[in-house]
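Trainee: This is the structure, below, for whatever I ask next.
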Amino acid sequence: MHYETVFILTPVLSDVQMKEAVEKFSKVLTDNGATIVNTEEWGLRKLAYPIAKKSTGFYTLIEFDADPQSIKKLETAYRRDERVIRFLTFRLDKYAAEYAAKRRSLKGTKKIETEEKTEVKED
C-alpha cells in the first residue's frame with residue numbers, strides 16, 4: 001500500500017536535530033518493512049494557527065510503501081517524540097499515487113534544468 005506522512009517538528013531545533021528526527025522516523029519505517037519512496041523537507045513554515053504557543057514549524061513529507069501494521073508503530077513513535085507538534089498519515093489511492101509519481105518526476109526534471117543552467121553560467 002502507498003502512504004504519505006507529513007509531520008511538523010518544533011521550530012526550536014537546529015538543522016542537525018531536525019535531520020536526526022527525520023532519520024529516526026525513516027528508520028522506524030524501514031525497520032518495520034517499509035520502503036521509502038521519497039522524502040521532502042519543506043523547511044520552516046508558518047502554521048495556520050498557533051500550536052503549543054508556537055507559530056512556525058519544520059514540515060517534512062515522507063512517501064513510502066508499507067503494510068498497515070507499520071503505520072501504528074510510526075504513529076506511536078510520533079506520539080512518544082516531544083519534538084513532533086502534529087502529524088498526519090494517509091493512504092494514497094491509485095490516482096493520488098500516480099499524481100505523486102508525476103510530481104516527483106517533474107521536480108526531478110526542474111532540478112536537472114536548474115543544474116544545467118548553473119553549469120552554463122559558470123562557463
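Chains: A, B, ... in order of the C-alpha cells. Residues: from 1 per chain. Ligands: from 1, in order shown.
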Please, which residues of stretch 1-47 of chain A, numbered as in this document, come out strand (DSSP E or B) from DSSP, as a PDB file with N, CA, C and O atoms, in the first residue's frame?
Mentor:
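Wrote it out as result.pdb, contents follow:
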```pdb
ATOM      1  N   HIS A   2       0.456   2.255  -0.703  1.00  0.00           N
ATOM      2  CA  HIS A   2       1.180   3.526  -0.777  1.00  0.00           C
ATOM      3  C   HIS A   2       0.666   4.469   0.312  1.00  0.00           C
ATOM      4  O   HIS A   2      -0.537   4.632   0.475  1.00  0.00           O
ATOM      5  N   TYR A   3       1.591   5.096   1.021  1.00  0.00           N
ATOM      6  CA  TYR A   3       1.234   6.024   2.087  1.00  0.00           C
ATOM      7  C   TYR A   3       2.065   7.296   1.977  1.00  0.00           C
ATOM      8  O   TYR A   3       3.156   7.288   1.405  1.00  0.00           O
ATOM      9  N   GLU A   4       1.532   8.358   2.567  1.00  0.00           N
ATOM     10  CA  GLU A   4       2.275   9.595   2.765  1.00  0.00           C
ATOM     11  C   GLU A   4       2.101  10.000   4.210  1.00  0.00           C
ATOM     12  O   GLU A   4       1.022   9.834   4.780  1.00  0.00           O
ATOM     13  N   THR A   5       3.145  10.519   4.790  1.00  0.00           N
ATOM     14  CA  THR A   5       3.040  11.068   6.128  1.00  0.00           C
ATOM     15  C   THR A   5       3.696  12.442   6.128  1.00  0.00           C
ATOM     16  O   THR A   5       4.735  12.641   5.504  1.00  0.00           O
ATOM     17  N   VAL A   6       3.021  13.374   6.780  1.00  0.00           N
ATOM     18  CA  VAL A   6       3.552  14.722   6.943  1.00  0.00           C
ATOM     19  C   VAL A   6       3.611  14.975   8.440  1.00  0.00           C
ATOM     20  O   VAL A   6       2.636  14.707   9.154  1.00  0.00           O
ATOM     21  N   PHE A   7       4.751  15.465   8.911  1.00  0.00           N
ATOM     22  CA  PHE A   7       4.832  15.806  10.328  1.00  0.00           C
ATOM     23  C   PHE A   7       5.502  17.152  10.494  1.00  0.00           C
ATOM     24  O   PHE A   7       6.277  17.591   9.650  1.00  0.00           O
ATOM     25  N   ILE A   8       5.144  17.819  11.588  1.00  0.00           N
ATOM     26  CA  ILE A   8       5.677  19.148  11.888  1.00  0.00           C
ATOM     27  C   ILE A   8       6.506  19.038  13.153  1.00  0.00           C
ATOM     28  O   ILE A   8       6.017  18.568  14.182  1.00  0.00           O
ATOM     29  N   LEU A   9       7.754  19.479  13.054  1.00  0.00           N
ATOM     30  CA  LEU A   9       8.659  19.471  14.204  1.00  0.00           C
ATOM     31  C   LEU A   9       8.720  20.870  14.814  1.00  0.00           C
ATOM     32  O   LEU A   9       8.543  21.869  14.120  1.00  0.00           O
ATOM     33  N   THR A  35       9.324   0.511   2.472  1.00  0.00           N
ATOM     34  CA  THR A  35      10.318   1.051   1.547  1.00  0.00           C
ATOM     35  C   THR A  35       9.992   2.518   1.309  1.00  0.00           C
ATOM     36  O   THR A  35       8.871   2.856   0.935  1.00  0.00           O
ATOM     37  N   ILE A  36      10.954   3.376   1.555  1.00  0.00           N
ATOM     38  CA  ILE A  36      10.744   4.812   1.415  1.00  0.00           C
ATOM     39  C   ILE A  36      10.931   5.197  -0.048  1.00  0.00           C
ATOM     40  O   ILE A  36      11.949   4.896  -0.651  1.00  0.00           O
ATOM     41  N   VAL A  37       9.907   5.856  -0.592  1.00  0.00           N
ATOM     42  CA  VAL A  37       9.917   6.254  -1.996  1.00  0.00           C
ATOM     43  C   VAL A  37      10.509   7.643  -2.158  1.00  0.00           C
ATOM     44  O   VAL A  37      11.308   7.891  -3.053  1.00  0.00           O
ATOM     45  N   ASN A  38      10.129   8.568  -1.266  1.00  0.00           N
ATOM     46  CA  ASN A  38      10.553   9.955  -1.411  1.00  0.00           C
ATOM     47  C   ASN A  38      10.496  10.646  -0.057  1.00  0.00           C
ATOM     48  O   ASN A  38       9.604  10.373   0.751  1.00  0.00           O
ATOM     49  N   THR A  39      11.437  11.540   0.184  1.00  0.00           N
ATOM     50  CA  THR A  39      11.430  12.370   1.389  1.00  0.00           C
ATOM     51  C   THR A  39      11.632  13.813   0.957  1.00  0.00           C
ATOM     52  O   THR A  39      12.550  14.099   0.198  1.00  0.00           O
ATOM     53  N   GLU A  40      10.753  14.688   1.413  1.00  0.00           N
ATOM     54  CA  GLU A  40      10.867  16.107   1.096  1.00  0.00           C
ATOM     55  C   GLU A  40      10.872  16.901   2.395  1.00  0.00           C
ATOM     56  O   GLU A  40       9.964  16.760   3.202  1.00  0.00           O
ATOM     57  N   GLU A  41      11.890  17.702   2.562  1.00  0.00           N
ATOM     58  CA  GLU A  41      11.934  18.602   3.713  1.00  0.00           C
ATOM     59  C   GLU A  41      11.473  19.967   3.231  1.00  0.00           C
ATOM     60  O   GLU A  41      12.141  20.609   2.425  1.00  0.00           O
ATOM     61  N   TRP A  42      10.311  20.394   3.695  1.00  0.00           N
ATOM     62  CA  TRP A  42       9.715  21.651   3.241  1.00  0.00           C
ATOM     63  C   TRP A  42      10.247  22.839   4.017  1.00  0.00           C
ATOM     64  O   TRP A  42       9.969  23.979   3.672  1.00  0.00           O
ATOM     65  N   GLY A  43      10.967  22.584   5.086  1.00  0.00           N
ATOM     66  CA  GLY A  43      11.596  23.660   5.836  1.00  0.00           C
ATOM     67  C   GLY A  43      10.678  24.317   6.852  1.00  0.00           C
ATOM     68  O   GLY A  43       9.602  23.816   7.168  1.00  0.00           O
ATOM     69  N   LEU A  44      11.122  25.453   7.348  1.00  0.00           N
ATOM     70  CA  LEU A  44      10.400  26.196   8.374  1.00  0.00           C
ATOM     71  C   LEU A  44       9.266  26.974   7.716  1.00  0.00           C
ATOM     72  O   LEU A  44       9.507  27.775   6.815  1.00  0.00           O
ATOM     73  N   ARG A  45       8.038  26.707   8.173  1.00  0.00           N
ATOM     74  CA  ARG A  45       6.867  27.386   7.611  1.00  0.00           C
ATOM     75  C   ARG A  45       5.969  27.892   8.729  1.00  0.00           C
ATOM     76  O   ARG A  45       5.980  27.373   9.835  1.00  0.00           O
ATOM     77  N   LYS A  46       5.164  28.876   8.381  1.00  0.00           N
ATOM     78  CA  LYS A  46       4.224  29.439   9.337  1.00  0.00           C
ATOM     79  C   LYS A  46       3.029  28.500   9.467  1.00  0.00           C
ATOM     80  O   LYS A  46       2.530  27.981   8.474  1.00  0.00           O
ATOM     81  N   LEU A  47       2.583  28.282  10.699  1.00  0.00           N
ATOM     82  CA  LEU A  47       1.413  27.447  10.953  1.00  0.00           C
ATOM     83  C   LEU A  47       0.143  28.261  10.715  1.00  0.00           C
ATOM     84  O   LEU A  47       0.134  29.491  10.874  1.00  0.00           O
TER      85      LEU A  47
END
```
Trainee: Atom CA of A:Leu88 and atom CA of A:Lys24, how far apart in Å?
Mentor: 16.6 Å
Trainee: Atom CA of A:Phe64 and atom CA of A:Thr10 are how many Å apart?
Mentor: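 For atom CA of A:Phe64 relative to atom CA of A:Thr10, the distance reads 23.1 Å.
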Trainee: Which residue is closest to A:Met1? Choose from A:Thr76, A:Ser26, A:Thr60, A:Ser70 and count only C-alpha atoms.
Mentor: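 Closest candidate: A:Ser70.
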Trainee: Grab the atom CA of A:Tyr78 to atom CA of A:Ser105 distance for me, in Å with one decimal place.
Mentor: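 Result for atom CA of A:Tyr78 versus atom CA of A:Ser105: 29.0 Å, one decimal.
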Trainee: Go through A:Ala101, A:Val84, A:Leu92, A:Ala77 and flag the residue nearest A:Leu13, using only C-alpha atoms for the distances.
Mentor: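 Checking each of A:Ala101, A:Val84, A:Leu92, A:Ala77 against A:Leu13, counting only C-alpha atoms, the winner is A:Val84.
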Trainee: Can you pull out every residue from chain A that DSSP, working from the backbone, puts in alpha helix (DSSP H), and format the result as a PyMOL selection string?
Mentor: chain A and resi 15-31+68-80+94-122
